[in-house]
Amino acid sequence: MAIAVLAVIGPGAAWRAWMRPDPDRVWREAEIDLQAGRWAKARAGLNRLETLRRATPHDWMLHAQVSSALGRDDEALLALRQIPDANHLASQSRLMAGRIERQHHRLRHAEAAFRRAVELEPGMVQAHKELVYLFGMQLRRREVDAEFKALSRLTPLSHHDLFTWGLTHFTIWGPDIAADLESFIQADPEDRYSRLALADLLLDAPDM
């Protein structure tokens, strides 16, 4: 049988096929390099993987993680968008996208990503907590309440969680939060909620 195959495709082609790397092994090696902090090597492994097969959702997720580790967040977001909602990695990809957007102070885009993560996986505690942070920063107390209630149905709330929940009702934020809100607006001028929150702060404390 082997002799027949050689006769049909030729010894050179057969040798190249036999020596072809296993894509799954290349993926695993790239993941190990990522975990070990060898990000450039992980990226090289992904580049090699692209020549071996059409990218899978797992490939796109690893590509996003490596790109983010290298400080290439735009590439990471582009990779995450390639993961379809029907895939089991979709909710994690939306969570990661939201965290990248939050790091760049684009709260409107972060909120959309976290909401989508919750739609895909209602029990995702991390996404609910991210929404608590966003709503708290923007003084959206009713939505903070809704998220804390959702969290309480998913996991026991810690003393810190309960303390934070209380703060959102009774604390008037100071100059630090105003600076944060200004950075959100600068990053995304269409961030209406941050604008409203900043206006409320300035009305309550005009000397801020």
# chains A, B, ... in the order shown; residues from 1 in each chain; ligands from 1

$ closest_atom_pairs --of "segment 115-153 of chain A" --to "segment 100-103 of chain A" --cutoff "12 Å" --atoms "only C-alpha atoms" --output "Markdown table"
| residue | atom | partner | partner_atom | distance |
| --- | --- | --- | --- | --- |
| A:Glu130 | CA | A:Arg102 | CA | 9.2 |
| A:Leu131 | CA | A:Arg102 | CA | 10.6 |
| A:Tyr133 | CA | A:Arg102 | CA | 10.2 |
| A:Leu134 | CA | A:Arg102 | CA | 8.7 |
| A:Met137 | CA | A:Arg102 | CA | 11.7 |

$ residues_around --residues "Ala197 of chain A" --least-positions-apart "3" --cutoff "9 Å" --atoms "only C-alpha atoms" --output "short mmCIF file (atom, residue, chain, number, x, y, z; two decimals) with C-alpha atoms, in the first residue's frame"
data_model
loop_
_atom_site.label_atom_id
_atom_site.label_comp_id
_atom_site.auth_asym_id
_atom_site.auth_seq_id
_atom_site.Cartn_x
_atom_site.Cartn_y
_atom_site.Cartn_z
CA MET A 137 -18.59 54.26 38.27
CA GLN A 138 -21.39 55.86 36.27
CA LEU A 139 -23.69 56.26 39.29
CA ARG A 140 -26.33 53.96 37.74
CA ALA A 178 -14.55 62.80 38.37
CA LEU A 181 -15.19 59.86 34.28
CA ARG A 192 -23.54 59.38 27.50
CA TYR A 193 -23.67 57.69 30.91
CA SER A 194 -20.25 58.97 31.93
CA ASP A 200 -24.31 65.06 38.49
CA LEU A 201 -21.04 65.18 40.40
CA LEU A 202 -20.33 68.73 39.33
#

$ residues_around --residues "segment 79-91 of chain A" --least-positions-apart "5" --cutoff "8 Å" --atoms "only C-alpha atoms" --output "list in words"
Pro57, His58, Trp60, Met61, His63, Ala64, Ala97, Arg116, Ala117, Val118, Leu120 and Glu121 of chain A

$ write_last_selection --atoms "all heavy atoms" --output "mmCIF file, in the first residue's frame"
data_model
loop_
_atom_site.group_PDB
_atom_site.id
_atom_site.type_symbol
_atom_site.label_atom_id
_atom_site.label_comp_id
_atom_site.auth_asym_id
_atom_site.auth_seq_id
_atom_site.Cartn_x
_atom_site.Cartn_y
_atom_site.Cartn_z
ATOM 1 N N PRO A 57 -12.101 28.412 16.492
ATOM 2 C CA PRO A 57 -12.363 29.305 17.630
ATOM 3 C C PRO A 57 -11.289 29.233 18.714
ATOM 4 O O PRO A 57 -10.929 30.255 19.292
ATOM 5 C CB PRO A 57 -13.725 28.821 18.138
ATOM 6 C CG PRO A 57 -14.410 28.325 16.910
ATOM 7 C CD PRO A 57 -13.307 27.646 16.119
ATOM 8 N N HIS A 58 -10.755 28.030 18.976
ATOM 9 C CA HIS A 58 -9.669 27.914 19.954
ATOM 10 C C HIS A 58 -8.425 28.659 19.477
ATOM 11 O O HIS A 58 -7.710 29.278 20.280
ATOM 12 C CB HIS A 58 -9.335 26.442 20.208
ATOM 13 C CG HIS A 58 -10.286 25.765 21.134
ATOM 14 N ND1 HIS A 58 -11.441 25.146 20.700
ATOM 15 C CD2 HIS A 58 -10.282 25.614 22.491
ATOM 16 C CE1 HIS A 58 -12.083 24.641 21.726
ATOM 17 N NE2 HIS A 58 -11.413 24.907 22.826
ATOM 18 N N TRP A 60 -8.424 31.314 17.539
ATOM 19 C CA TRP A 60 -8.696 32.748 17.668
ATOM 20 C C TRP A 60 -8.572 33.204 19.116
ATOM 21 O O TRP A 60 -8.060 34.289 19.396
ATOM 22 C CB TRP A 60 -10.087 33.071 17.126
ATOM 23 C CG TRP A 60 -10.207 33.038 15.637
ATOM 24 C CD1 TRP A 60 -11.031 32.247 14.885
ATOM 25 C CD2 TRP A 60 -9.472 33.841 14.693
ATOM 26 N NE1 TRP A 60 -10.849 32.494 13.548
ATOM 27 C CE2 TRP A 60 -9.900 33.471 13.398
ATOM 28 C CE3 TRP A 60 -8.496 34.823 14.823
ATOM 29 C CZ2 TRP A 60 -9.396 34.063 12.241
ATOM 30 C CZ3 TRP A 60 -7.987 35.410 13.669
ATOM 31 C CH2 TRP A 60 -8.430 35.037 12.399
ATOM 32 N N MET A 61 -9.044 32.378 20.049
ATOM 33 C CA MET A 61 -8.926 32.742 21.462
ATOM 34 C C MET A 61 -7.463 32.832 21.887
ATOM 35 O O MET A 61 -7.048 33.787 22.562
ATOM 36 C CB MET A 61 -9.675 31.729 22.333
ATOM 37 C CG MET A 61 -9.541 31.979 23.835
ATOM 38 S SD MET A 61 -10.209 33.579 24.364
ATOM 39 C CE MET A 61 -11.950 33.159 24.505
ATOM 40 N N HIS A 63 -4.957 33.336 19.920
ATOM 41 C CA HIS A 63 -4.406 34.492 19.210
ATOM 42 C C HIS A 63 -4.707 35.778 19.979
ATOM 43 O O HIS A 63 -3.841 36.650 20.122
ATOM 44 C CB HIS A 63 -5.006 34.563 17.804
ATOM 45 C CG HIS A 63 -4.474 35.672 16.965
ATOM 46 N ND1 HIS A 63 -3.345 35.550 16.182
ATOM 47 C CD2 HIS A 63 -4.892 36.950 16.789
ATOM 48 C CE1 HIS A 63 -3.099 36.693 15.567
ATOM 49 N NE2 HIS A 63 -4.041 37.555 15.915
ATOM 50 N N ALA A 64 -5.933 35.899 20.493
ATOM 51 C CA ALA A 64 -6.310 37.083 21.260
ATOM 52 C C ALA A 64 -5.489 37.199 22.538
ATOM 53 O O ALA A 64 -5.028 38.284 22.909
ATOM 54 C CB ALA A 64 -7.799 37.033 21.589
ATOM 55 N N ALA A 97 -13.104 40.564 25.709
ATOM 56 C CA ALA A 97 -13.230 41.782 24.909
ATOM 57 C C ALA A 97 -13.669 42.951 25.790
ATOM 58 O O ALA A 97 -13.138 44.067 25.675
ATOM 59 C CB ALA A 97 -14.220 41.571 23.775
ATOM 60 N N ARG A 116 -23.368 41.039 26.514
ATOM 61 C CA ARG A 116 -23.464 39.907 25.598
ATOM 62 C C ARG A 116 -22.967 38.632 26.261
ATOM 63 O O ARG A 116 -23.541 37.545 26.065
ATOM 64 C CB ARG A 116 -22.660 40.192 24.329
ATOM 65 C CG ARG A 116 -22.870 39.146 23.240
ATOM 66 C CD ARG A 116 -24.329 39.071 22.861
ATOM 67 N NE ARG A 116 -24.590 38.025 21.869
ATOM 68 C CZ ARG A 116 -25.712 37.346 21.804
ATOM 69 N NH1 ARG A 116 -26.704 37.579 22.648
ATOM 70 N NH2 ARG A 116 -25.884 36.423 20.867
ATOM 71 N N ALA A 117 -21.909 38.748 27.063
ATOM 72 C CA ALA A 117 -21.392 37.578 27.784
ATOM 73 C C ALA A 117 -22.464 37.007 28.708
ATOM 74 O O ALA A 117 -22.646 35.789 28.792
ATOM 75 C CB ALA A 117 -20.144 37.961 28.581
ATOM 76 N N VAL A 118 -23.199 37.884 29.393
ATOM 77 C CA VAL A 118 -24.251 37.443 30.304
ATOM 78 C C VAL A 118 -25.417 36.827 29.531
ATOM 79 O O VAL A 118 -26.039 35.859 29.982
ATOM 80 C CB VAL A 118 -24.733 38.622 31.175
ATOM 81 C CG1 VAL A 118 -26.007 38.260 31.916
ATOM 82 C CG2 VAL A 118 -23.637 39.026 32.160
ATOM 83 N N LEU A 120 -25.167 35.193 26.783
ATOM 84 C CA LEU A 120 -24.722 33.878 26.342
ATOM 85 C C LEU A 120 -24.569 32.900 27.497
ATOM 86 O O LEU A 120 -24.782 31.698 27.344
ATOM 87 C CB LEU A 120 -23.388 34.009 25.595
ATOM 88 C CG LEU A 120 -23.446 34.760 24.253
ATOM 89 C CD1 LEU A 120 -22.035 35.086 23.776
ATOM 90 C CD2 LEU A 120 -24.186 33.941 23.210
ATOM 91 N N GLU A 121 -24.187 33.427 28.665
ATOM 92 C CA GLU A 121 -23.987 32.577 29.856
ATOM 93 C C GLU A 121 -24.492 33.338 31.080
ATOM 94 O O GLU A 121 -23.712 34.023 31.750
ATOM 95 C CB GLU A 121 -22.514 32.215 30.009
ATOM 96 C CG GLU A 121 -22.244 31.219 31.112
ATOM 97 C CD GLU A 121 -20.767 30.868 31.249
ATOM 98 O OE1 GLU A 121 -20.019 31.021 30.262
ATOM 99 O OE2 GLU A 121 -20.366 30.444 32.345
#

$ closest_atom_pairs --of "segment 66-145 of chain A" --to "segment 149-166 of chain A" --cutoff "9 Å" --atoms "only C-alpha atoms" --output "CSV"
residue,atom,partner,partner_atom,distance
A:Gly123,CA,A:Leu154,CA,6.4
A:Met124,CA,A:Leu154,CA,8.5
A:Val125,CA,A:Leu151,CA,6.6
A:His128,CA,A:Leu151,CA,6.7
A:Lys129,CA,A:Leu151,CA,7.7
A:Val132,CA,A:Trp165,CA,8.9
A:Gly136,CA,A:Trp165,CA,8.9
A:Val144,CA,A:Trp165,CA,7.7
A:Asp145,CA,A:Lys149,CA,6.1

$ closest_residue --among "A:Leu198, A:Arg108, A:Ala76, A:Glu31" --to "Leu49 of chain A" --atoms "only C-alpha atoms"
A:Glu31

$ atom_distance --atom1 "atom CA of Thr168 of chain A" --atom2 "atom CA of Leu196 of chain A"
16.0 Å

$ atom_distance --atom1 "atom CA of Arg54 of chain A" --atom2 "atom CA of Arg28 of chain A"
16.2 Å

$ select_by_dssp --residues "segment 15-199 of chain A" --states "helix (DSSP H, G or I)" --output "PDB file with C-alpha atoms, in the first residue's frame"
ATOM      1  CA  TRP A  15       8.009  12.877   2.604  1.00  0.00           C
ATOM      2  CA  ARG A  16       6.549  16.374   3.056  1.00  0.00           C
ATOM      3  CA  ALA A  17       3.194  14.918   4.105  1.00  0.00           C
ATOM      4  CA  TRP A  18       4.873  12.617   6.617  1.00  0.00           C
ATOM      5  CA  MET A  19       6.930  15.492   8.040  1.00  0.00           C
ATOM      6  CA  PRO A  23      -1.563  21.385  14.207  1.00  0.00           C
ATOM      7  CA  ASP A  24      -2.899  20.401  17.631  1.00  0.00           C
ATOM      8  CA  ARG A  25       0.628  19.910  18.902  1.00  0.00           C
ATOM      9  CA  VAL A  26       1.686  23.304  17.519  1.00  0.00           C
ATOM     10  CA  TRP A  27      -1.327  24.850  19.311  1.00  0.00           C
ATOM     11  CA  ARG A  28      -0.447  23.181  22.610  1.00  0.00           C
ATOM     12  CA  GLU A  29       3.149  24.357  22.382  1.00  0.00           C
ATOM     13  CA  ALA A  30       1.989  27.924  21.701  1.00  0.00           C
ATOM     14  CA  GLU A  31      -0.327  27.766  24.724  1.00  0.00           C
ATOM     15  CA  ILE A  32       2.528  26.521  26.930  1.00  0.00           C
ATOM     16  CA  ASP A  33       4.718  29.372  25.681  1.00  0.00           C
ATOM     17  CA  LEU A  34       1.952  31.853  26.495  1.00  0.00           C
ATOM     18  CA  GLN A  35       1.550  30.525  30.037  1.00  0.00           C
ATOM     19  CA  TRP A  39       4.904  35.616  24.181  1.00  0.00           C
ATOM     20  CA  ALA A  40       7.018  36.186  21.088  1.00  0.00           C
ATOM     21  CA  LYS A  41       7.592  32.444  20.781  1.00  0.00           C
ATOM     22  CA  ALA A  42       3.863  31.818  21.246  1.00  0.00           C
ATOM     23  CA  ARG A  43       3.149  34.294  18.461  1.00  0.00           C
ATOM     24  CA  ALA A  44       5.608  32.497  16.204  1.00  0.00           C
ATOM     25  CA  GLY A  45       3.808  29.247  16.947  1.00  0.00           C
ATOM     26  CA  LEU A  46       0.479  30.798  15.980  1.00  0.00           C
ATOM     27  CA  ASN A  47       1.979  32.108  12.756  1.00  0.00           C
ATOM     28  CA  ARG A  48       3.089  28.572  11.999  1.00  0.00           C
ATOM     29  CA  LEU A  49      -0.346  27.228  12.860  1.00  0.00           C
ATOM     30  CA  GLU A  50      -1.927  29.538  10.270  1.00  0.00           C
ATOM     31  CA  PRO A  57     -12.363  29.305  17.630  1.00  0.00           C
ATOM     32  CA  HIS A  58      -9.669  27.914  19.954  1.00  0.00           C
ATOM     33  CA  ASP A  59      -7.017  29.331  17.633  1.00  0.00           C
ATOM     34  CA  TRP A  60      -8.696  32.748  17.668  1.00  0.00           C
ATOM     35  CA  MET A  61      -8.926  32.742  21.462  1.00  0.00           C
ATOM     36  CA  LEU A  62      -5.253  31.873  21.827  1.00  0.00           C
ATOM     37  CA  HIS A  63      -4.406  34.492  19.210  1.00  0.00           C
ATOM     38  CA  ALA A  64      -6.310  37.083  21.260  1.00  0.00           C
ATOM     39  CA  GLN A  65      -4.534  36.103  24.474  1.00  0.00           C
ATOM     40  CA  VAL A  66      -1.109  36.269  22.861  1.00  0.00           C
ATOM     41  CA  SER A  67      -1.859  39.575  21.125  1.00  0.00           C
ATOM     42  CA  SER A  68      -3.097  41.106  24.372  1.00  0.00           C
ATOM     43  CA  ALA A  69       0.008  39.898  26.221  1.00  0.00           C
ATOM     44  CA  ASP A  73      -5.150  44.913  21.954  1.00  0.00           C
ATOM     45  CA  ASP A  74      -6.664  45.926  18.611  1.00  0.00           C
ATOM     46  CA  GLU A  75      -5.482  42.628  17.151  1.00  0.00           C
ATOM     47  CA  ALA A  76      -6.851  40.811  20.188  1.00  0.00           C
ATOM     48  CA  LEU A  77     -10.286  42.379  19.756  1.00  0.00           C
ATOM     49  CA  LEU A  78     -10.284  41.512  16.064  1.00  0.00           C
ATOM     50  CA  ALA A  79      -9.462  37.885  16.888  1.00  0.00           C
ATOM     51  CA  LEU A  80     -12.204  37.692  19.523  1.00  0.00           C
ATOM     52  CA  ALA A  90     -18.229  32.823  22.951  1.00  0.00           C
ATOM     53  CA  SER A  91     -19.072  34.027  26.464  1.00  0.00           C
ATOM     54  CA  GLN A  92     -15.415  33.949  27.529  1.00  0.00           C
ATOM     55  CA  SER A  93     -14.431  35.814  24.375  1.00  0.00           C
ATOM     56  CA  ARG A  94     -16.992  38.559  25.088  1.00  0.00           C
ATOM     57  CA  LEU A  95     -15.763  38.784  28.681  1.00  0.00           C
ATOM     58  CA  MET A  96     -12.193  39.198  27.499  1.00  0.00           C
ATOM     59  CA  ALA A  97     -13.230  41.782  24.909  1.00  0.00           C
ATOM     60  CA  GLY A  98     -15.082  43.754  27.571  1.00  0.00           C
ATOM     61  CA  ARG A  99     -12.054  43.770  29.860  1.00  0.00           C
ATOM     62  CA  ILE A 100      -9.822  45.021  27.062  1.00  0.00           C
ATOM     63  CA  GLU A 101     -12.312  47.796  26.257  1.00  0.00           C
ATOM     64  CA  ARG A 102     -12.508  48.720  29.949  1.00  0.00           C
ATOM     65  CA  GLN A 103      -8.738  48.925  30.201  1.00  0.00           C
ATOM     66  CA  LEU A 107     -16.958  51.821  28.932  1.00  0.00           C
ATOM     67  CA  ARG A 108     -19.768  51.901  26.383  1.00  0.00           C
ATOM     68  CA  HIS A 109     -18.114  49.144  24.343  1.00  0.00           C
ATOM     69  CA  ALA A 110     -17.125  47.265  27.493  1.00  0.00           C
ATOM     70  CA  GLU A 111     -20.715  47.277  28.719  1.00  0.00           C
ATOM     71  CA  ALA A 112     -21.982  45.904  25.412  1.00  0.00           C
ATOM     72  CA  ALA A 113     -19.445  43.070  25.564  1.00  0.00           C
ATOM     73  CA  PHE A 114     -20.234  42.195  29.195  1.00  0.00           C
ATOM     74  CA  ARG A 115     -23.964  42.251  28.534  1.00  0.00           C
ATOM     75  CA  ARG A 116     -23.464  39.907  25.598  1.00  0.00           C
ATOM     76  CA  ALA A 117     -21.392  37.578  27.784  1.00  0.00           C
ATOM     77  CA  VAL A 118     -24.251  37.443  30.304  1.00  0.00           C
ATOM     78  CA  GLU A 119     -26.788  36.804  27.542  1.00  0.00           C
ATOM     79  CA  LEU A 120     -24.722  33.878  26.342  1.00  0.00           C
ATOM     80  CA  VAL A 125     -20.200  35.719  37.768  1.00  0.00           C
ATOM     81  CA  GLN A 126     -17.196  37.610  36.366  1.00  0.00           C
ATOM     82  CA  ALA A 127     -19.300  39.425  33.783  1.00  0.00           C
ATOM     83  CA  HIS A 128     -21.885  40.460  36.388  1.00  0.00           C
ATOM     84  CA  LYS A 129     -19.109  41.838  38.605  1.00  0.00           C
ATOM     85  CA  GLU A 130     -17.664  43.785  35.702  1.00  0.00           C
ATOM     86  CA  LEU A 131     -21.087  45.333  35.098  1.00  0.00           C
ATOM     87  CA  VAL A 132     -21.328  46.230  38.792  1.00  0.00           C
ATOM     88  CA  TYR A 133     -18.071  48.144  38.447  1.00  0.00           C
ATOM     89  CA  LEU A 134     -19.182  49.994  35.313  1.00  0.00           C
ATOM     90  CA  PHE A 135     -22.597  50.914  36.679  1.00  0.00           C
ATOM     91  CA  GLY A 136     -21.093  51.977  39.979  1.00  0.00           C
ATOM     92  CA  MET A 137     -18.586  54.262  38.270  1.00  0.00           C
ATOM     93  CA  ARG A 141     -27.738  52.784  41.051  1.00  0.00           C
ATOM     94  CA  ARG A 142     -30.783  50.886  39.789  1.00  0.00           C
ATOM     95  CA  GLU A 143     -28.643  48.851  37.420  1.00  0.00           C
ATOM     96  CA  VAL A 144     -26.092  48.225  40.178  1.00  0.00           C
ATOM     97  CA  ASP A 145     -28.934  46.883  42.324  1.00  0.00           C
ATOM     98  CA  ALA A 146     -30.079  44.588  39.520  1.00  0.00           C
ATOM     99  CA  GLU A 147     -26.593  43.196  39.021  1.00  0.00           C
ATOM    100  CA  PHE A 148     -26.011  42.633  42.739  1.00  0.00           C
ATOM    101  CA  LYS A 149     -29.354  40.828  42.974  1.00  0.00           C
ATOM    102  CA  ALA A 150     -28.354  38.668  40.009  1.00  0.00           C
ATOM    103  CA  LEU A 151     -25.025  37.946  41.696  1.00  0.00           C
ATOM    104  CA  SER A 152     -26.730  37.015  44.964  1.00  0.00           C
ATOM    105  CA  ARG A 153     -28.668  34.327  43.097  1.00  0.00           C
ATOM    106  CA  LEU A 154     -25.463  32.908  41.631  1.00  0.00           C
ATOM    107  CA  HIS A 159     -18.815  41.307  53.213  1.00  0.00           C
ATOM    108  CA  HIS A 160     -16.856  43.356  50.686  1.00  0.00           C
ATOM    109  CA  ASP A 161     -19.600  42.870  48.095  1.00  0.00           C
ATOM    110  CA  LEU A 162     -22.284  43.975  50.537  1.00  0.00           C
ATOM    111  CA  PHE A 163     -20.202  46.951  51.669  1.00  0.00           C
ATOM    112  CA  THR A 164     -19.696  48.009  48.056  1.00  0.00           C
ATOM    113  CA  TRP A 165     -23.407  47.634  47.362  1.00  0.00           C
ATOM    114  CA  GLY A 166     -24.161  49.939  50.274  1.00  0.00           C
ATOM    115  CA  LEU A 167     -21.598  52.494  49.130  1.00  0.00           C
ATOM    116  CA  THR A 168     -23.311  52.863  45.778  1.00  0.00           C
ATOM    117  CA  HIS A 169     -26.405  54.174  47.601  1.00  0.00           C
ATOM    118  CA  PHE A 170     -24.981  56.388  50.301  1.00  0.00           C
ATOM    119  CA  PRO A 175     -12.587  64.242  42.745  1.00  0.00           C
ATOM    120  CA  ASP A 176     -10.972  60.903  41.911  1.00  0.00           C
ATOM    121  CA  ILE A 177     -14.134  59.560  40.322  1.00  0.00           C
ATOM    122  CA  ALA A 178     -14.545  62.800  38.371  1.00  0.00           C
ATOM    123  CA  ALA A 179     -11.081  62.312  36.881  1.00  0.00           C
ATOM    124  CA  ASP A 180     -11.976  58.746  35.943  1.00  0.00           C
ATOM    125  CA  LEU A 181     -15.193  59.860  34.278  1.00  0.00           C
ATOM    126  CA  GLU A 182     -13.313  62.500  32.315  1.00  0.00           C
ATOM    127  CA  SER A 183     -10.915  59.825  31.059  1.00  0.00           C
ATOM    128  CA  PHE A 184     -13.866  57.691  29.935  1.00  0.00           C
ATOM    129  CA  ILE A 185     -15.353  60.622  28.023  1.00  0.00           C
ATOM    130  CA  GLN A 186     -12.007  61.450  26.447  1.00  0.00           C
ATOM    131  CA  ALA A 187     -11.650  57.861  25.239  1.00  0.00           C
ATOM    132  CA  ARG A 192     -23.540  59.382  27.504  1.00  0.00           C
ATOM    133  CA  TYR A 193     -23.672  57.690  30.913  1.00  0.00           C
ATOM    134  CA  SER A 194     -20.249  58.967  31.931  1.00  0.00           C
ATOM    135  CA  ARG A 195     -21.223  62.462  30.830  1.00  0.00           C
ATOM    136  CA  LEU A 196     -24.403  62.335  32.912  1.00  0.00           C
ATOM    137  CA  ALA A 197     -22.509  61.003  35.939  1.00  0.00           C
ATOM    138  CA  LEU A 198     -19.894  63.758  35.658  1.00  0.00           C
ATOM    139  CA  ALA A 199     -22.609  66.387  35.356  1.00  0.00           C
TER     140      ALA A 199
END

$ atom_distance --atom1 "atom CA of Ala55 of chain A" --atom2 "atom CA of Arg20 of chain A"
17.0 Å
